[in-house]
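Coordinates as given in protein-v1.cif (mmCIF, N, CA and C atoms):
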data_data
#
loop_
_atom_site.label_atom_id
_atom_site.label_comp_id
_atom_site.auth_asym_id
_atom_site.auth_seq_id
_atom_site.Cartn_x
_atom_site.Cartn_y
_atom_site.Cartn_z
N MET H 1 -20.94 19.52 18.62
CA MET H 1 -19.59 19.04 18.75
C MET H 1 -19.35 17.91 17.76
N THR H 2 -18.22 17.94 17.05
CA THR H 2 -17.91 16.89 16.08
C THR H 2 -17.17 15.76 16.75
N GLY H 3 -16.79 14.75 15.99
CA GLY H 3 -16.16 13.56 16.54
C GLY H 3 -14.81 13.80 17.19
N GLY H 4 -14.03 14.80 16.73
CA GLY H 4 -12.69 15.00 17.26
C GLY H 4 -12.58 16.18 18.19
N GLU H 5 -13.72 16.74 18.63
CA GLU H 5 -13.67 17.96 19.43
C GLU H 5 -13.97 17.67 20.89
N GLU H 6 -13.26 18.34 21.76
CA GLU H 6 -13.47 18.29 23.19
C GLU H 6 -14.23 19.54 23.62
N PRO H 7 -14.90 19.52 24.77
CA PRO H 7 -15.65 20.69 25.21
C PRO H 7 -14.81 21.96 25.35
N ASP H 8 -13.53 21.83 25.73
CA ASP H 8 -12.69 23.02 25.91
C ASP H 8 -12.08 23.51 24.60
N GLY H 9 -12.41 22.88 23.47
CA GLY H 9 -11.85 23.28 22.19
C GLY H 9 -10.63 22.47 21.80
N GLY H 10 -10.28 21.48 22.62
CA GLY H 10 -9.15 20.61 22.31
C GLY H 10 -9.55 19.55 21.30
N VAL H 11 -8.62 18.63 21.06
CA VAL H 11 -8.84 17.58 20.06
C VAL H 11 -8.69 16.21 20.73
N LEU H 12 -9.70 15.37 20.58
CA LEU H 12 -9.66 14.01 21.08
C LEU H 12 -8.97 13.13 20.05
N VAL H 13 -7.81 12.59 20.42
CA VAL H 13 -7.05 11.75 19.51
C VAL H 13 -7.53 10.31 19.63
N ARG H 14 -7.54 9.79 20.84
CA ARG H 14 -8.05 8.46 21.14
C ARG H 14 -8.39 8.42 22.61
N ARG H 15 -8.98 7.35 23.06
CA ARG H 15 -9.39 7.27 24.47
C ARG H 15 -8.19 7.51 25.38
N GLY H 16 -8.31 8.49 26.23
CA GLY H 16 -7.24 8.80 27.17
C GLY H 16 -6.21 9.78 26.65
N VAL H 17 -6.27 10.14 25.37
CA VAL H 17 -5.30 11.08 24.80
C VAL H 17 -6.06 12.26 24.19
N VAL H 18 -5.89 13.41 24.81
CA VAL H 18 -6.55 14.63 24.35
C VAL H 18 -5.49 15.71 24.18
N VAL H 19 -5.53 16.40 23.05
CA VAL H 19 -4.66 17.55 22.83
C VAL H 19 -5.43 18.78 23.30
N PRO H 20 -4.97 19.45 24.36
CA PRO H 20 -5.71 20.61 24.86
C PRO H 20 -5.65 21.79 23.90
N ALA H 21 -6.62 22.67 24.02
CA ALA H 21 -6.72 23.82 23.12
C ALA H 21 -5.49 24.72 23.22
N ARG H 22 -4.84 24.77 24.38
CA ARG H 22 -3.68 25.66 24.53
C ARG H 22 -2.49 25.23 23.68
N GLU H 23 -2.47 23.97 23.21
CA GLU H 23 -1.37 23.51 22.36
C GLU H 23 -1.67 23.68 20.87
N LEU H 24 -2.86 24.18 20.53
CA LEU H 24 -3.24 24.38 19.14
C LEU H 24 -3.04 25.84 18.77
N HIS H 25 -2.54 26.07 17.57
CA HIS H 25 -2.33 27.43 17.09
C HIS H 25 -3.17 27.66 15.84
N TRP H 26 -4.04 28.66 15.89
CA TRP H 26 -4.94 28.96 14.78
C TRP H 26 -4.43 30.15 13.99
N ARG H 27 -4.65 30.11 12.68
CA ARG H 27 -4.42 31.27 11.80
C ARG H 27 -5.58 31.32 10.83
N PHE H 28 -5.98 32.54 10.49
CA PHE H 28 -7.11 32.70 9.57
C PHE H 28 -6.71 33.62 8.44
N SER H 29 -7.22 33.33 7.25
CA SER H 29 -6.92 34.17 6.09
C SER H 29 -8.10 34.11 5.14
N ARG H 30 -8.02 34.86 4.09
CA ARG H 30 -9.11 34.87 3.11
C ARG H 30 -9.08 33.60 2.28
N SER H 31 -10.23 33.03 2.13
CA SER H 31 -10.36 31.78 1.40
C SER H 31 -10.57 32.05 -0.08
N SER H 32 -10.09 31.13 -0.90
CA SER H 32 -10.28 31.28 -2.34
C SER H 32 -11.54 30.59 -2.82
N GLY H 33 -12.25 29.93 -1.93
CA GLY H 33 -13.42 29.15 -2.31
C GLY H 33 -14.68 29.97 -2.47
N PRO H 34 -15.85 29.34 -2.37
CA PRO H 34 -17.12 30.03 -2.57
C PRO H 34 -17.38 31.03 -1.45
N GLY H 35 -18.24 31.99 -1.73
CA GLY H 35 -18.57 32.96 -0.70
C GLY H 35 -19.26 34.18 -1.25
N GLY H 36 -19.36 34.28 -2.54
CA GLY H 36 -20.06 35.43 -3.13
C GLY H 36 -19.36 36.74 -2.82
N GLN H 37 -20.14 37.74 -2.47
CA GLN H 37 -19.56 39.06 -2.20
C GLN H 37 -18.72 39.06 -0.93
N GLY H 38 -19.01 38.14 -0.02
CA GLY H 38 -18.28 38.13 1.26
C GLY H 38 -16.91 37.50 1.17
N VAL H 39 -16.56 36.90 0.01
CA VAL H 39 -15.30 36.17 -0.08
C VAL H 39 -14.10 37.09 0.08
N ASN H 40 -14.23 38.34 -0.29
CA ASN H 40 -13.10 39.26 -0.21
C ASN H 40 -13.02 39.99 1.12
N THR H 41 -13.98 39.79 2.00
CA THR H 41 -14.00 40.55 3.24
C THR H 41 -13.85 39.69 4.48
N THR H 42 -14.10 38.39 4.40
CA THR H 42 -14.05 37.56 5.61
C THR H 42 -12.86 36.62 5.57
N ASP H 43 -12.24 36.44 6.72
CA ASP H 43 -11.13 35.49 6.85
C ASP H 43 -11.71 34.13 7.23
N SER H 44 -12.20 33.41 6.22
CA SER H 44 -12.89 32.16 6.51
C SER H 44 -11.98 30.94 6.42
N ARG H 45 -10.81 31.06 5.83
CA ARG H 45 -9.87 29.93 5.72
C ARG H 45 -9.23 29.71 7.09
N ALA H 46 -9.27 28.47 7.57
CA ALA H 46 -8.73 28.15 8.89
C ALA H 46 -7.50 27.26 8.74
N GLU H 47 -6.45 27.62 9.45
CA GLU H 47 -5.20 26.86 9.44
C GLU H 47 -4.88 26.50 10.88
N LEU H 48 -4.79 25.21 11.18
CA LEU H 48 -4.58 24.73 12.54
C LEU H 48 -3.23 24.03 12.61
N SER H 49 -2.38 24.48 13.55
CA SER H 49 -1.04 23.90 13.71
C SER H 49 -0.92 23.26 15.08
N PHE H 50 -0.20 22.15 15.12
CA PHE H 50 0.04 21.44 16.38
C PHE H 50 1.48 20.96 16.40
N ASP H 51 2.20 21.30 17.45
CA ASP H 51 3.60 20.91 17.61
C ASP H 51 3.66 19.49 18.14
N VAL H 52 3.80 18.54 17.22
CA VAL H 52 3.83 17.13 17.60
C VAL H 52 5.08 16.82 18.40
N ALA H 53 6.22 17.33 17.95
CA ALA H 53 7.49 17.02 18.58
C ALA H 53 7.59 17.57 20.01
N GLY H 54 6.99 18.73 20.27
CA GLY H 54 7.13 19.35 21.58
C GLY H 54 5.92 19.25 22.46
N SER H 55 4.98 18.38 22.13
CA SER H 55 3.73 18.30 22.89
C SER H 55 3.89 17.45 24.14
N PRO H 56 3.57 18.02 25.31
CA PRO H 56 3.60 17.21 26.53
C PRO H 56 2.34 16.34 26.69
N SER H 57 1.30 16.59 25.90
CA SER H 57 0.06 15.85 26.07
C SER H 57 0.08 14.49 25.37
N LEU H 58 1.01 14.28 24.44
CA LEU H 58 1.12 12.97 23.78
C LEU H 58 2.12 12.11 24.55
N PRO H 59 1.75 10.88 24.91
CA PRO H 59 2.72 9.99 25.55
C PRO H 59 3.93 9.75 24.63
N VAL H 60 5.07 9.46 25.21
CA VAL H 60 6.32 9.35 24.46
C VAL H 60 6.23 8.34 23.32
N ASP H 61 5.65 7.16 23.57
CA ASP H 61 5.59 6.14 22.51
C ASP H 61 4.70 6.60 21.36
N LEU H 62 3.55 7.24 21.68
CA LEU H 62 2.67 7.73 20.62
C LEU H 62 3.33 8.89 19.86
N ARG H 63 4.06 9.74 20.57
CA ARG H 63 4.72 10.87 19.93
C ARG H 63 5.77 10.37 18.93
N GLU H 64 6.56 9.38 19.33
CA GLU H 64 7.59 8.83 18.43
C GLU H 64 6.96 8.18 17.21
N ARG H 65 5.86 7.45 17.44
CA ARG H 65 5.16 6.80 16.32
C ARG H 65 4.61 7.86 15.36
N ALA H 66 4.02 8.91 15.91
CA ALA H 66 3.45 9.98 15.07
C ALA H 66 4.54 10.71 14.31
N LEU H 67 5.67 10.99 14.95
CA LEU H 67 6.77 11.67 14.26
C LEU H 67 7.30 10.83 13.11
N ALA H 68 7.37 9.52 13.32
CA ALA H 68 7.87 8.63 12.26
C ALA H 68 6.89 8.57 11.09
N ARG H 69 5.59 8.47 11.39
CA ARG H 69 4.60 8.31 10.33
C ARG H 69 4.25 9.62 9.62
N LEU H 70 4.34 10.73 10.33
CA LEU H 70 3.98 12.02 9.73
C LEU H 70 5.20 12.78 9.22
N GLY H 71 6.34 12.12 9.15
CA GLY H 71 7.59 12.79 8.79
C GLY H 71 7.50 13.70 7.59
N GLY H 72 6.83 13.28 6.53
CA GLY H 72 6.75 14.09 5.31
C GLY H 72 5.83 15.28 5.43
N ARG H 73 4.93 15.27 6.40
CA ARG H 73 3.97 16.37 6.57
C ARG H 73 4.40 17.39 7.60
N LEU H 74 5.43 17.06 8.37
CA LEU H 74 5.85 17.95 9.46
C LEU H 74 6.88 18.96 8.99
N VAL H 75 6.78 20.17 9.53
CA VAL H 75 7.78 21.21 9.31
C VAL H 75 8.30 21.58 10.69
N ASP H 76 9.53 21.23 10.99
CA ASP H 76 10.13 21.45 12.31
C ASP H 76 9.29 20.83 13.42
N GLY H 77 8.73 19.66 13.16
CA GLY H 77 7.94 18.94 14.16
C GLY H 77 6.52 19.44 14.32
N VAL H 78 6.08 20.35 13.45
CA VAL H 78 4.74 20.93 13.56
C VAL H 78 3.87 20.42 12.41
N LEU H 79 2.69 19.90 12.77
CA LEU H 79 1.71 19.44 11.79
C LEU H 79 0.69 20.54 11.56
N THR H 80 0.44 20.89 10.30
CA THR H 80 -0.51 21.94 9.97
C THR H 80 -1.57 21.38 9.03
N VAL H 81 -2.84 21.65 9.36
CA VAL H 81 -3.95 21.27 8.50
C VAL H 81 -4.72 22.53 8.13
N VAL H 82 -5.29 22.53 6.93
CA VAL H 82 -5.99 23.70 6.41
C VAL H 82 -7.39 23.30 5.99
N ALA H 83 -8.35 24.17 6.24
CA ALA H 83 -9.72 23.95 5.79
C ALA H 83 -10.24 25.25 5.20
N SER H 84 -10.72 25.18 3.96
CA SER H 84 -11.27 26.39 3.33
C SER H 84 -12.47 26.06 2.45
N GLU H 85 -13.05 24.88 2.64
CA GLU H 85 -14.13 24.47 1.75
C GLU H 85 -15.49 25.05 2.12
N HIS H 86 -15.63 25.56 3.33
CA HIS H 86 -16.91 26.12 3.76
C HIS H 86 -16.87 27.65 3.69
N ARG H 87 -18.05 28.24 3.67
CA ARG H 87 -18.12 29.70 3.59
C ARG H 87 -17.90 30.35 4.94
N SER H 88 -18.20 29.66 6.03
CA SER H 88 -18.07 30.27 7.35
C SER H 88 -16.79 29.81 8.03
N GLN H 89 -16.21 30.71 8.79
CA GLN H 89 -14.99 30.40 9.53
C GLN H 89 -15.25 29.31 10.56
N LEU H 90 -16.42 29.35 11.19
CA LEU H 90 -16.74 28.37 12.22
C LEU H 90 -16.73 26.95 11.66
N ARG H 91 -17.36 26.75 10.49
CA ARG H 91 -17.38 25.41 9.90
C ARG H 91 -16.00 24.99 9.42
N ASN H 92 -15.19 25.93 8.95
CA ASN H 92 -13.82 25.60 8.57
C ASN H 92 -12.98 25.25 9.80
N ARG H 93 -13.25 25.90 10.93
CA ARG H 93 -12.55 25.55 12.17
C ARG H 93 -12.88 24.12 12.57
N GLU H 94 -14.17 23.77 12.49
CA GLU H 94 -14.58 22.40 12.83
C GLU H 94 -13.95 21.39 11.89
N ALA H 95 -13.91 21.71 10.59
CA ALA H 95 -13.32 20.80 9.61
C ALA H 95 -11.82 20.63 9.87
N ALA H 96 -11.13 21.72 10.20
CA ALA H 96 -9.69 21.64 10.47
C ALA H 96 -9.43 20.82 11.73
N ARG H 97 -10.25 21.03 12.76
CA ARG H 97 -10.07 20.28 14.01
C ARG H 97 -10.29 18.78 13.76
N GLU H 98 -11.31 18.44 12.97
CA GLU H 98 -11.58 17.03 12.67
C GLU H 98 -10.46 16.43 11.82
N ARG H 99 -9.94 17.21 10.87
CA ARG H 99 -8.84 16.74 10.03
C ARG H 99 -7.59 16.46 10.85
N LEU H 100 -7.31 17.34 11.81
CA LEU H 100 -6.15 17.13 12.70
C LEU H 100 -6.35 15.87 13.53
N ALA H 101 -7.56 15.69 14.06
CA ALA H 101 -7.86 14.50 14.87
C ALA H 101 -7.67 13.23 14.05
N GLN H 102 -8.15 13.23 12.81
CA GLN H 102 -8.01 12.04 11.96
C GLN H 102 -6.55 11.76 11.65
N ALA H 103 -5.78 12.80 11.36
CA ALA H 103 -4.35 12.61 11.05
C ALA H 103 -3.62 12.05 12.26
N LEU H 104 -3.92 12.57 13.45
CA LEU H 104 -3.25 12.07 14.66
C LEU H 104 -3.71 10.66 15.01
N ARG H 105 -5.00 10.35 14.78
CA ARG H 105 -5.47 8.98 15.03
C ARG H 105 -4.74 7.99 14.13
N ALA H 106 -4.65 8.34 12.85
CA ALA H 106 -3.99 7.43 11.91
C ALA H 106 -2.50 7.29 12.24
N ALA H 107 -1.87 8.38 12.65
CA ALA H 107 -0.44 8.35 12.92
C ALA H 107 -0.11 7.62 14.21
N THR H 108 -1.04 7.59 15.16
CA THR H 108 -0.75 6.94 16.44
C THR H 108 -1.39 5.56 16.55
N ALA H 109 -2.03 5.10 15.50
CA ALA H 109 -2.66 3.77 15.52
C ALA H 109 -1.58 2.69 15.65
N PRO H 110 -1.89 1.62 16.35
CA PRO H 110 -0.89 0.54 16.48
C PRO H 110 -0.62 -0.12 15.14
N ASP H 111 0.56 -0.70 15.02
CA ASP H 111 0.91 -1.41 13.80
C ASP H 111 -0.01 -2.61 13.61
N PRO H 112 -0.36 -2.93 12.37
CA PRO H 112 -1.18 -4.13 12.15
C PRO H 112 -0.37 -5.37 12.51
N PRO H 113 -1.05 -6.46 12.86
CA PRO H 113 -0.32 -7.68 13.20
C PRO H 113 0.50 -8.17 12.01
N ALA H 114 1.64 -8.76 12.29
CA ALA H 114 2.53 -9.24 11.23
C ALA H 114 1.83 -10.35 10.45
N ARG H 115 2.03 -10.37 9.14
CA ARG H 115 1.41 -11.39 8.30
C ARG H 115 2.15 -12.71 8.50
N ARG H 116 1.36 -13.76 8.66
CA ARG H 116 1.96 -15.09 8.77
C ARG H 116 1.97 -15.71 7.39
N ALA H 117 3.15 -16.13 6.96
CA ALA H 117 3.28 -16.71 5.63
C ALA H 117 2.51 -18.02 5.55
N THR H 118 1.74 -18.18 4.48
CA THR H 118 1.00 -19.42 4.27
C THR H 118 1.26 -19.91 2.85
N ARG H 119 0.99 -21.19 2.64
CA ARG H 119 1.16 -21.77 1.31
C ARG H 119 -0.20 -22.01 0.69
N PRO H 120 -0.26 -21.97 -0.65
CA PRO H 120 -1.54 -22.31 -1.31
C PRO H 120 -1.89 -23.77 -1.03
N THR H 121 -3.17 -24.05 -0.87
CA THR H 121 -3.59 -25.43 -0.61
C THR H 121 -3.44 -26.26 -1.88
N LYS H 122 -3.40 -27.56 -1.70
CA LYS H 122 -3.28 -28.46 -2.87
C LYS H 122 -4.48 -28.27 -3.79
N GLY H 123 -5.67 -28.11 -3.19
CA GLY H 123 -6.88 -27.93 -4.00
C GLY H 123 -6.81 -26.66 -4.84
N SER H 124 -6.32 -25.55 -4.25
CA SER H 124 -6.26 -24.30 -5.01
C SER H 124 -5.21 -24.40 -6.11
N GLN H 125 -4.11 -25.11 -5.85
CA GLN H 125 -3.10 -25.30 -6.91
C GLN H 125 -3.68 -26.11 -8.06
N ARG H 126 -4.42 -27.19 -7.71
CA ARG H 126 -5.01 -28.04 -8.75
C ARG H 126 -6.04 -27.25 -9.57
N ARG H 127 -6.90 -26.45 -8.89
CA ARG H 127 -7.89 -25.64 -9.61
C ARG H 127 -7.21 -24.65 -10.55
N ARG H 128 -6.13 -24.03 -10.09
CA ARG H 128 -5.41 -23.06 -10.93
C ARG H 128 -4.85 -23.74 -12.17
N LEU H 129 -4.23 -24.89 -12.01
CA LEU H 129 -3.63 -25.59 -13.15
C LEU H 129 -4.71 -26.11 -14.10
N ASP H 130 -5.85 -26.58 -13.55
CA ASP H 130 -6.95 -27.03 -14.41
C ASP H 130 -7.49 -25.87 -15.25
N ALA H 131 -7.64 -24.69 -14.63
CA ALA H 131 -8.14 -23.52 -15.35
C ALA H 131 -7.17 -23.13 -16.46
N LYS H 132 -5.86 -23.21 -16.17
CA LYS H 132 -4.86 -22.87 -17.19
C LYS H 132 -4.93 -23.87 -18.36
N ALA H 133 -5.14 -25.15 -18.03
CA ALA H 133 -5.21 -26.17 -19.09
C ALA H 133 -6.45 -25.93 -19.96
N ARG H 134 -7.60 -25.61 -19.31
CA ARG H 134 -8.81 -25.33 -20.08
C ARG H 134 -8.62 -24.13 -20.98
N ARG H 135 -8.01 -23.08 -20.46
CA ARG H 135 -7.79 -21.87 -21.23
C ARG H 135 -6.87 -22.16 -22.43
N GLY H 136 -5.83 -22.96 -22.20
CA GLY H 136 -4.92 -23.34 -23.29
C GLY H 136 -5.63 -24.15 -24.36
N ALA H 137 -6.54 -25.05 -23.93
CA ALA H 137 -7.29 -25.87 -24.90
C ALA H 137 -8.18 -24.98 -25.76
N VAL H 138 -8.84 -23.97 -25.15
CA VAL H 138 -9.69 -23.04 -25.90
C VAL H 138 -8.85 -22.32 -26.94
N LYS H 139 -7.68 -21.86 -26.54
CA LYS H 139 -6.82 -21.12 -27.48
C LYS H 139 -6.30 -22.03 -28.60
N ARG H 140 -6.01 -23.30 -28.24
CA ARG H 140 -5.57 -24.25 -29.27
C ARG H 140 -6.66 -24.49 -30.30
N LEU H 141 -7.91 -24.58 -29.87
CA LEU H 141 -9.03 -24.81 -30.77
C LEU H 141 -9.24 -23.63 -31.72
N ARG H 142 -8.83 -22.43 -31.31
CA ARG H 142 -9.00 -21.25 -32.17
C ARG H 142 -7.96 -21.20 -33.31
N SER H 143 -6.88 -21.92 -33.12
CA SER H 143 -5.78 -21.83 -34.10
C SER H 143 -6.15 -22.61 -35.38
N ARG H 144 -5.35 -22.37 -36.40
CA ARG H 144 -5.57 -23.02 -37.68
C ARG H 144 -5.19 -24.51 -37.55
N PRO H 145 -6.02 -25.42 -38.09
CA PRO H 145 -5.69 -26.85 -37.94
C PRO H 145 -4.42 -27.22 -38.74
N ASP H 146 -3.65 -28.12 -38.16
CA ASP H 146 -2.41 -28.57 -38.84
C ASP H 146 -2.80 -29.51 -39.96
N GLU H 147 -2.05 -29.45 -41.08
CA GLU H 147 -2.38 -30.31 -42.21
C GLU H 147 -1.43 -31.46 -42.33
#
Write out the structure in this file as structure tokens.
Amino acid sequence: MTGGEEPDGGVLVRRGVVVPARELHWRFSRSSGPGGQGVNTTDSRAELSFDVAGSPSLPVDLRERALARLGGRLVDGVLTVVASEHRSQLRNREAARERLAQALRAATAPDPPARRATRPTKGSQRRRLDAKARRGAVKRLRSRPDE
């Protein structure tokens, strides 16, 4: 079991929030990646879709936050992730499930604390101006002497 997988095949978003397997929609197709002779015969590409807008398993506040943050990736409120880098369908399924979990974790994460405006200290201002003066003196010494 990977980090974002539940025993029933669902996706663990965060503690207390699990997307059950019944809300996930899988599609499989032929992958364009590696696979040798089997690449043309096996449907190893995995596509996992989750209806963020209509999901009853996401609390309302997390759903609104996810809809706002994933706006550019959603099509009619549905988030779709694709995995085709592995040769086996099983490993692509695991990769897609983990990718969906990471996207939902990032989208439902709380906002970072607001930045408190601070001023540069007197010491840092003095050091900055001293460095500028030294740099200017070096450049002055490189110039042609006045006659």
key: Shell around region 76-86 of chain H at 7 Å using only C-alpha atoms, local window under 3 positions removed, as a list in words   =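 So, after excluding close chain neighbours, the residues are Ser31, Gly33, Ser44, Arg45, Ala46, Glu47, Leu48, Ser49, Phe50, Asp51, Val52, Ala53, Arg73, Arg91, Asn92, Ala95, Ala96, Arg99 and Leu100 of chain H.
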Next item on the list: Quick one: pull the distance between atom N of Arg30 (chain H) and atom N of Thr42 (chain H), Å, one decimal.
Entry: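 Going from atom N of Arg30 (chain H) over to atom N of Thr42 (chain H), I get 7.0 Å.
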### Task
Please provide as an NGL selection string all residues within 12 Å of Gln102 (chain H), with the sequence filter that same-chain residues fewer than 2 positions apart are discarded (counting only C-alpha atoms).
:H and (2-5 or 11-14 or 81 or 95-100 or 104-109)
Best match for closeness to Asp43 (chain H) among H:Leu141, H:Ala117, H:Leu129, H:Leu90, counting only C-alpha atoms |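 Once distances to Asp43 (chain H) are computed over only C-alpha atoms, the minimum belongs to H:Leu90.
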Taken to one decimal, the atom C of Val17 (chain H)-atom N of Gly54 (chain H) distance is 15.1 Å
Margin query: Just list as a PyMOL selection string whatever in chain H DSSP marks as strand (DSSP E or B).
Written below: chain H and resi 5+11-14+17-19+24-29+45-51+75+78-83
As a check of understanding: the span from CA of Glu23 (chain H) to CA of Leu70 (chain H) is 17.9 Å
Item to complete: as a ChimeraX atom specification, please: all residues of region 35-112 of chain H that backbone DSSP puts in helix (DSSP H, G or I).
Response: /H:36-40,60-69,89-108
The residue from H:Arg15, H:Arg115, H:Arg87, H:Arg127 with the smallest atom-to-atom distance to Leu58 (chain H), counting only C-alpha atoms, is H:Arg15
Can you list what the PyMOL selection byres (((chain H and resi 22 and name CA) around 10) and name CA) grabs from this structure, as JSON, numbers by chain? {"H": [8, 9, 10, 19, 20, 21, 23, 24, 25, 50]}
